[in-house]
$ cat data.txt   # compact mmCIF, C-alpha atoms and all ligand atoms
# COMPACT_ATOMS: atom_id res chain seq x y z
CA MET F 1 63.63 41.98 -43.30
CA HIS F 2 65.98 43.25 -46.02
CA ILE F 3 66.24 40.59 -48.73
CA ALA F 4 68.39 40.49 -51.87
CA ILE F 5 66.98 38.44 -54.72
CA GLY F 6 68.10 37.46 -58.19
CA ALA F 7 67.41 34.98 -60.97
CA ASP F 8 68.57 33.92 -64.39
CA GLN F 9 66.23 33.10 -67.26
CA GLY F 10 65.41 29.71 -65.72
CA GLY F 11 64.22 31.33 -62.51
CA PHE F 12 62.85 34.65 -63.74
CA GLU F 13 59.13 33.86 -63.51
CA LEU F 14 59.41 32.38 -60.03
CA LYS F 15 61.59 35.29 -58.89
CA GLU F 16 58.86 37.74 -59.97
CA LYS F 17 56.30 35.79 -57.88
CA ILE F 18 58.64 35.81 -54.88
CA VAL F 19 59.21 39.58 -55.18
CA GLU F 20 55.42 40.11 -55.07
CA TYR F 21 55.16 37.77 -52.07
CA LEU F 22 57.96 39.53 -50.19
CA ALA F 23 56.49 42.98 -50.84
CA ALA F 24 53.07 41.74 -49.64
CA HIS F 25 54.74 40.54 -46.42
CA ASP F 26 56.40 43.91 -45.79
CA HIS F 27 59.94 42.86 -46.60
CA LYS F 28 62.38 45.30 -48.15
CA VAL F 29 63.46 43.79 -51.47
CA LEU F 30 66.70 44.45 -53.31
CA ASP F 31 65.98 42.98 -56.75
CA LEU F 32 69.30 42.38 -58.48
CA GLY F 33 67.70 41.11 -61.68
CA ILE F 34 67.15 39.91 -64.22
CA HIS F 35 64.37 42.42 -64.79
CA GLU F 36 63.23 41.02 -68.13
CA LEU F 37 63.45 37.60 -69.74
CA LYS F 38 66.91 37.45 -71.32
CA SER F 39 69.80 35.04 -71.24
CA VAL F 40 72.46 35.66 -68.59
CA ASP F 41 75.11 33.56 -66.84
CA TYR F 42 73.77 32.37 -63.49
CA PRO F 43 77.12 32.72 -61.62
CA ASP F 44 76.96 36.50 -62.17
CA ILE F 45 73.52 36.74 -60.57
CA ALA F 46 74.49 34.39 -57.74
CA LYS F 47 77.60 36.46 -57.03
CA SER F 48 75.62 39.74 -56.84
CA VAL F 49 73.10 38.32 -54.35
CA ALA F 50 75.71 36.49 -52.26
CA ARG F 51 77.93 39.58 -52.13
CA SER F 52 75.10 41.80 -50.97
CA VAL F 53 74.48 39.38 -48.08
CA ALA F 54 78.19 38.92 -47.30
CA ASP F 55 78.63 42.72 -47.27
CA GLY F 56 75.69 43.18 -44.90
CA GLU F 57 73.55 45.06 -47.41
CA ALA F 58 70.86 42.39 -47.06
CA GLU F 59 70.10 39.98 -44.21
CA ARG F 60 69.02 37.14 -46.48
CA GLY F 61 69.36 36.25 -50.14
CA ILE F 62 67.18 34.29 -52.50
CA ILE F 63 68.51 33.08 -55.86
CA VAL F 64 66.58 31.21 -58.51
CA CYS F 65 67.84 29.40 -61.60
CA ALA F 66 66.23 26.50 -63.49
CA THR F 67 67.31 23.86 -60.98
CA GLY F 68 68.80 25.89 -58.12
CA LEU F 69 71.97 23.87 -58.51
CA GLY F 70 74.19 26.31 -60.37
CA VAL F 71 73.33 29.30 -58.21
CA SER F 72 73.93 27.33 -55.01
CA MET F 73 77.33 26.17 -56.23
CA ALA F 74 78.28 29.71 -57.19
CA ALA F 75 76.94 31.44 -54.06
CA ASN F 76 78.77 29.02 -51.79
CA LYS F 77 82.06 30.21 -53.29
CA VAL F 78 81.54 33.64 -51.75
CA ARG F 79 83.34 33.77 -48.41
CA GLY F 80 81.04 33.49 -45.40
CA ILE F 81 78.00 32.52 -47.44
CA ARG F 82 75.99 29.42 -46.68
CA ALA F 83 73.58 28.91 -49.54
CA ALA F 84 71.02 26.09 -49.37
CA LEU F 85 69.12 24.56 -52.25
CA CYS F 86 65.72 23.62 -50.84
CA THR F 87 62.95 21.65 -52.49
CA ASP F 88 60.57 21.43 -49.53
CA CYS F 89 59.67 23.17 -46.28
CA TYR F 90 61.55 20.68 -44.10
CA MET F 91 64.78 21.47 -45.91
CA ALA F 92 64.08 25.20 -45.62
CA ARG F 93 63.55 24.95 -41.87
CA MET F 94 66.62 22.79 -41.33
CA ALA F 95 68.72 25.05 -43.57
CA ARG F 96 68.02 27.84 -41.07
CA GLU F 97 67.90 25.90 -37.79
CA HIS F 98 70.91 23.65 -38.28
CA ASN F 99 72.97 25.22 -41.07
CA ASP F 100 72.22 28.91 -40.42
CA ALA F 101 71.98 29.41 -44.18
CA GLN F 102 71.57 33.05 -45.16
CA VAL F 103 70.84 32.34 -48.82
CA LEU F 104 67.98 30.24 -50.19
CA CYS F 105 68.35 28.72 -53.66
CA LEU F 106 65.36 27.50 -55.63
CA GLY F 107 64.78 25.79 -58.96
CA GLY F 108 62.20 27.60 -61.06
CA ARG F 109 61.71 24.55 -63.28
CA VAL F 110 61.67 22.11 -60.35
CA ILE F 111 58.85 23.28 -58.08
CA GLY F 112 55.58 25.12 -58.55
CA PHE F 113 54.94 28.67 -57.42
CA GLY F 114 52.81 27.65 -54.42
CA PRO F 115 55.30 25.26 -52.82
CA ALA F 116 58.14 27.68 -53.59
CA LEU F 117 56.41 30.54 -51.76
CA GLU F 118 55.79 28.28 -48.75
CA ILE F 119 59.50 27.41 -48.73
CA VAL F 120 60.38 31.11 -48.81
CA GLY F 121 58.02 31.76 -45.89
CA VAL F 122 59.53 28.99 -43.79
CA PHE F 123 63.09 30.04 -44.63
CA LEU F 124 62.42 33.62 -43.56
CA THR F 125 60.67 32.75 -40.31
CA SER F 126 62.96 29.97 -39.03
CA GLU F 127 65.88 30.80 -36.77
CA ALA F 128 69.31 29.25 -36.30
CA GLN F 129 69.30 27.06 -33.19
CA GLY F 130 72.87 27.68 -32.06
CA GLY F 131 74.54 25.27 -29.62
CA ARG F 132 76.12 22.25 -31.30
CA HIS F 133 74.79 23.46 -34.64
CA ALA F 134 76.69 26.73 -34.29
CA ARG F 135 79.89 24.76 -33.66
CA ARG F 136 79.34 22.83 -36.87
CA VAL F 137 78.55 25.98 -38.81
CA ARG F 138 81.82 27.50 -37.56
CA LYS F 139 83.56 24.43 -38.95
CA ILE F 140 81.95 25.04 -42.33
CA ASP F 141 83.13 28.65 -42.27
CA ALA F 142 86.63 27.57 -41.24
CA LEU F 143 86.91 25.73 -44.55
CA ASP F 144 87.08 29.17 -46.18
CA GLU F 145 90.40 29.72 -44.43
CA ARG F 146 92.19 26.70 -45.89
CA GLU F 147 95.20 27.19 -48.12
C1 LIG Q 201 70.20 27.75 -67.60
O1 LIG Q 201 69.53 27.16 -68.64
C2 LIG Q 201 70.42 26.73 -66.49
O2 LIG Q 201 71.60 26.04 -66.76
C3 LIG Q 201 70.47 27.42 -65.16
O3 LIG Q 201 69.27 28.09 -64.93
C4 LIG Q 201 70.68 26.58 -63.92
O4 LIG Q 201 69.69 25.61 -63.78
C5 LIG Q 201 72.01 26.04 -63.70
O5 LIG Q 201 72.30 25.31 -62.74
$ encode --input "data.txt" --output "structure tokens" --more "lines below"
Ligand code: RB5
Amino acid sequence: MHIAIGADQGGFELKEKIVEYLAAHDHKVLDLGIHELKSVDYPDIAKSVARSVADGEAERGIIVCATGLGVSMAANKVRGIRAALCTDCYMARMAREHNDAQVLCLGGRVIGFGPALEIVGVFLTSEAQGGRHARRVRKIDALDERE
């Protein structure tokens, strides 16, 4: 799968672990930075990842900041993007099955590397269930159209 990924300074270390994990699982990774530990503004990173998914350059996105909160708020502002902050595997599975989230947000200072990689694995292997969930997802997307 083609996956866009990005992180700020709060998520940099975890992002590097996830990039290694994705490469080891034969995913194609578009690493939108940061590429070294430096201070950046997380909305800029979130926008780059969310845009690459919204534009169809990547099928899924993963964004990491210290808590996952800021990047999820920012990514959800990009039209058509459903970004989910997940702290466990149940949330990751439901984010895909019920919410059809295309972007996973993680907090690098909230969870350890092991649990985070399991969450990534579940997010990438779970599928949207459709049916009544698809109707609800369409209602989320319709909120983008409001005045
Ligand atoms: C940066 O220190 C921190 O604010 C950021 O990584 C993120 O957690 C914001 O929500």
$ residues_near_ligand --input "data.txt" --ligand "ligand LIG 201 (chain Q)" --cutoff "12 Å" --atoms "only C-alpha atoms and all ligand atoms" --output "number ranges by chain"
F: 6-14, 38-46, 63-75, 85, 105-110
$ atom_distance --input "data.txt" --atom1 "atom CA of Cys86 of chain F" --atom2 "atom CA of Leu104 of chain F"
7.0 Å
$ closest_residue --input "data.txt" --among "F:Glu16, F:Asp26, F:Glu127, F:Glu59" --to "Val103 of chain F" --atoms "all atoms listed in the file"
F:Glu59
$ residues_around --input "data.txt" --residues "Phe113 of chain F" --least-positions-apart "3" --cutoff "8 Å" --atoms "all atoms listed in the file" --output "PyMOL selection string"
chain F and resi 14+17+116-117
$ closest_residue --input "data.txt" --among "F:Ala50, F:Ile81, F:Gly112, F:Gly131" --to "Lys15 of chain F" --atoms "only C-alpha atoms"
F:Gly112
$ closest_residue --input "data.txt" --among "F:Leu37, F:Ala54, F:Val78, F:Ile62" --to "Ile3 of chain F" --atoms "only C-alpha atoms"
F:Ile62
$ residues_around --input "data.txt" --residues "Cys89 of chain F" --least-positions-apart "2" --cutoff "6 Å" --atoms "all atoms listed in the file" --output "list in words"
Met91, Ala92 and Ile119 of chain F
$ closest_residue --input "data.txt" --among "F:Ala142, F:Ile5, F:Ile111, F:Ala134" --to "Glu97 of chain F" --atoms "all atoms listed in the file"
F:Ala134
$ residues_around --input "data.txt" --residues "Asp55 of chain F" --least-positions-apart "6" --cutoff "12 Å" --atoms "all atoms listed in the file" --output "ChimeraX atom specification"
/F:4,47-49,61,78-81
$ atom_distance --input "data.txt" --atom1 "atom CA of Leu32 of chain F" --atom2 "atom CA of Leu124 of chain F"
18.6 Å
$ residues_around --input "data.txt" --residues "Ala128 of chain F" --least-positions-apart "6" --cutoff "8 Å" --atoms "all atoms listed in the file" --output "list in words"
Arg96, Glu97, His98, Asn99 and Asp100 of chain F
$ residues_around --input "data.txt" --residues "Arg82 of chain F" --least-positions-apart "6" --cutoff "6 Å" --atoms "only C-alpha atoms" --output "PyMOL selection string"
chain F and resi 76+101-102
$ write_last_selection --input "data.txt" --atoms "C-alpha atoms" --output "JSON list (two decimals), in the frame of the given file"
[["chain", "number", "residue", "atom", "x", "y", "z"],
["F", 76, "ASN", "CA", 78.77, 29.02, -51.79],
["F", 101, "ALA", "CA", 71.98, 29.41, -44.18],
["F", 102, "GLN", "CA", 71.57, 33.05, -45.16]]
$ atom_distance --input "data.txt" --atom1 "atom CA of Gly33 of chain F" --atom2 "atom CA of Val137 of chain F"
29.5 Å
$ closest_residue --input "data.txt" --among "F:Gly121, F:Gly56, F:Leu143, F:Ala83" --to "Ala24 of chain F" --atoms "all atoms listed in the file"
F:Gly121
$ closest_residue --input "data.txt" --among "F:Arg136, F:Val122, F:Lys28, F:Arg51" --to "Lys77 of chain F" --atoms "only C-alpha atoms"
F:Arg51
$ build_atoms --input "data.txt" --residues "segment 105-116 of chain F" --atoms "all heavy atoms" --output "mmCIF file, keeping the file's coordinate frame"
data_model
loop_
_atom_site.group_PDB
_atom_site.id
_atom_site.type_symbol
_atom_site.label_atom_id
_atom_site.label_comp_id
_atom_site.auth_asym_id
_atom_site.auth_seq_id
_atom_site.Cartn_x
_atom_site.Cartn_y
_atom_site.Cartn_z
ATOM 1 N N CYS F 105 68.308 28.936 -52.216
ATOM 2 C CA CYS F 105 68.350 28.720 -53.660
ATOM 3 C C CYS F 105 67.166 27.850 -54.071
ATOM 4 O O CYS F 105 66.837 26.877 -53.380
ATOM 5 C CB CYS F 105 69.653 28.020 -54.064
ATOM 6 S SG CYS F 105 71.112 28.973 -53.609
ATOM 7 N N LEU F 106 66.546 28.220 -55.158
ATOM 8 C CA LEU F 106 65.360 27.500 -55.630
ATOM 9 C C LEU F 106 65.486 27.205 -57.122
ATOM 10 O O LEU F 106 66.147 27.949 -57.859
ATOM 11 C CB LEU F 106 64.108 28.364 -55.405
ATOM 12 C CG LEU F 106 63.720 28.641 -53.954
ATOM 13 C CD1 LEU F 106 62.692 29.771 -53.889
ATOM 14 C CD2 LEU F 106 63.184 27.385 -53.295
ATOM 15 N N GLY F 107 64.804 26.151 -57.546
ATOM 16 C CA GLY F 107 64.780 25.790 -58.960
ATOM 17 C C GLY F 107 63.436 26.142 -59.571
ATOM 18 O O GLY F 107 62.425 25.532 -59.247
ATOM 19 N N GLY F 108 63.442 27.122 -60.452
ATOM 20 C CA GLY F 108 62.200 27.600 -61.060
ATOM 21 C C GLY F 108 61.527 26.573 -61.948
ATOM 22 O O GLY F 108 60.330 26.658 -62.210
ATOM 23 N N ARG F 109 62.306 25.590 -62.438
ATOM 24 C CA ARG F 109 61.710 24.550 -63.280
ATOM 25 C C ARG F 109 61.551 23.242 -62.513
ATOM 26 O O ARG F 109 61.300 22.196 -63.113
ATOM 27 C CB ARG F 109 62.567 24.332 -64.532
ATOM 28 C CG ARG F 109 62.587 25.543 -65.443
ATOM 29 C CD ARG F 109 63.444 25.343 -66.680
ATOM 30 N NE ARG F 109 63.624 26.608 -67.391
ATOM 31 C CZ ARG F 109 64.669 26.902 -68.146
ATOM 32 N NH1 ARG F 109 65.646 26.019 -68.304
ATOM 33 N NH2 ARG F 109 64.761 28.077 -68.748
ATOM 34 N N VAL F 110 61.714 23.320 -61.176
ATOM 35 C CA VAL F 110 61.670 22.110 -60.350
ATOM 36 C C VAL F 110 60.414 22.079 -59.483
ATOM 37 O O VAL F 110 59.821 21.025 -59.277
ATOM 38 C CB VAL F 110 62.937 22.025 -59.461
ATOM 39 C CG1 VAL F 110 62.870 20.850 -58.509
ATOM 40 C CG2 VAL F 110 64.191 21.943 -60.327
ATOM 41 N N ILE F 111 60.029 23.246 -58.963
ATOM 42 C CA ILE F 111 58.850 23.280 -58.080
ATOM 43 C C ILE F 111 57.863 24.340 -58.575
ATOM 44 O O ILE F 111 58.253 25.306 -59.239
ATOM 45 C CB ILE F 111 59.206 23.616 -56.612
ATOM 46 C CG1 ILE F 111 60.247 24.736 -56.547
ATOM 47 C CG2 ILE F 111 59.661 22.394 -55.866
ATOM 48 C CD1 ILE F 111 60.481 25.215 -55.146
ATOM 49 N N GLY F 112 56.623 24.163 -58.184
ATOM 50 C CA GLY F 112 55.580 25.120 -58.550
ATOM 51 C C GLY F 112 55.649 26.371 -57.692
ATOM 52 O O GLY F 112 56.342 26.404 -56.674
ATOM 53 N N PHE F 113 54.914 27.387 -58.127
ATOM 54 C CA PHE F 113 54.940 28.670 -57.420
ATOM 55 C C PHE F 113 54.461 28.524 -55.965
ATOM 56 O O PHE F 113 55.056 29.093 -55.048
ATOM 57 C CB PHE F 113 54.058 29.704 -58.124
ATOM 58 C CG PHE F 113 54.548 30.100 -59.497
ATOM 59 C CD1 PHE F 113 53.639 30.450 -60.492
ATOM 60 C CD2 PHE F 113 55.904 30.136 -59.804
ATOM 61 C CE1 PHE F 113 54.075 30.826 -61.758
ATOM 62 C CE2 PHE F 113 56.353 30.510 -61.058
ATOM 63 C CZ PHE F 113 55.429 30.852 -62.043
ATOM 64 N N GLY F 114 53.374 27.780 -55.766
ATOM 65 C CA GLY F 114 52.810 27.650 -54.420
ATOM 66 C C GLY F 114 53.786 27.049 -53.425
ATOM 67 O O GLY F 114 54.096 27.658 -52.384
ATOM 68 N N PRO F 115 54.317 25.841 -53.731
ATOM 69 C CA PRO F 115 55.300 25.260 -52.820
ATOM 70 C C PRO F 115 56.530 26.149 -52.643
ATOM 71 O O PRO F 115 57.072 26.252 -51.532
ATOM 72 C CB PRO F 115 55.686 23.936 -53.514
ATOM 73 C CG PRO F 115 54.471 23.589 -54.325
ATOM 74 C CD PRO F 115 53.900 24.900 -54.785
ATOM 75 N N ALA F 116 56.953 26.821 -53.694
ATOM 76 C CA ALA F 116 58.140 27.680 -53.590
ATOM 77 C C ALA F 116 57.893 28.822 -52.607
ATOM 78 O O ALA F 116 58.750 29.153 -51.777
ATOM 79 C CB ALA F 116 58.522 28.228 -54.961
#
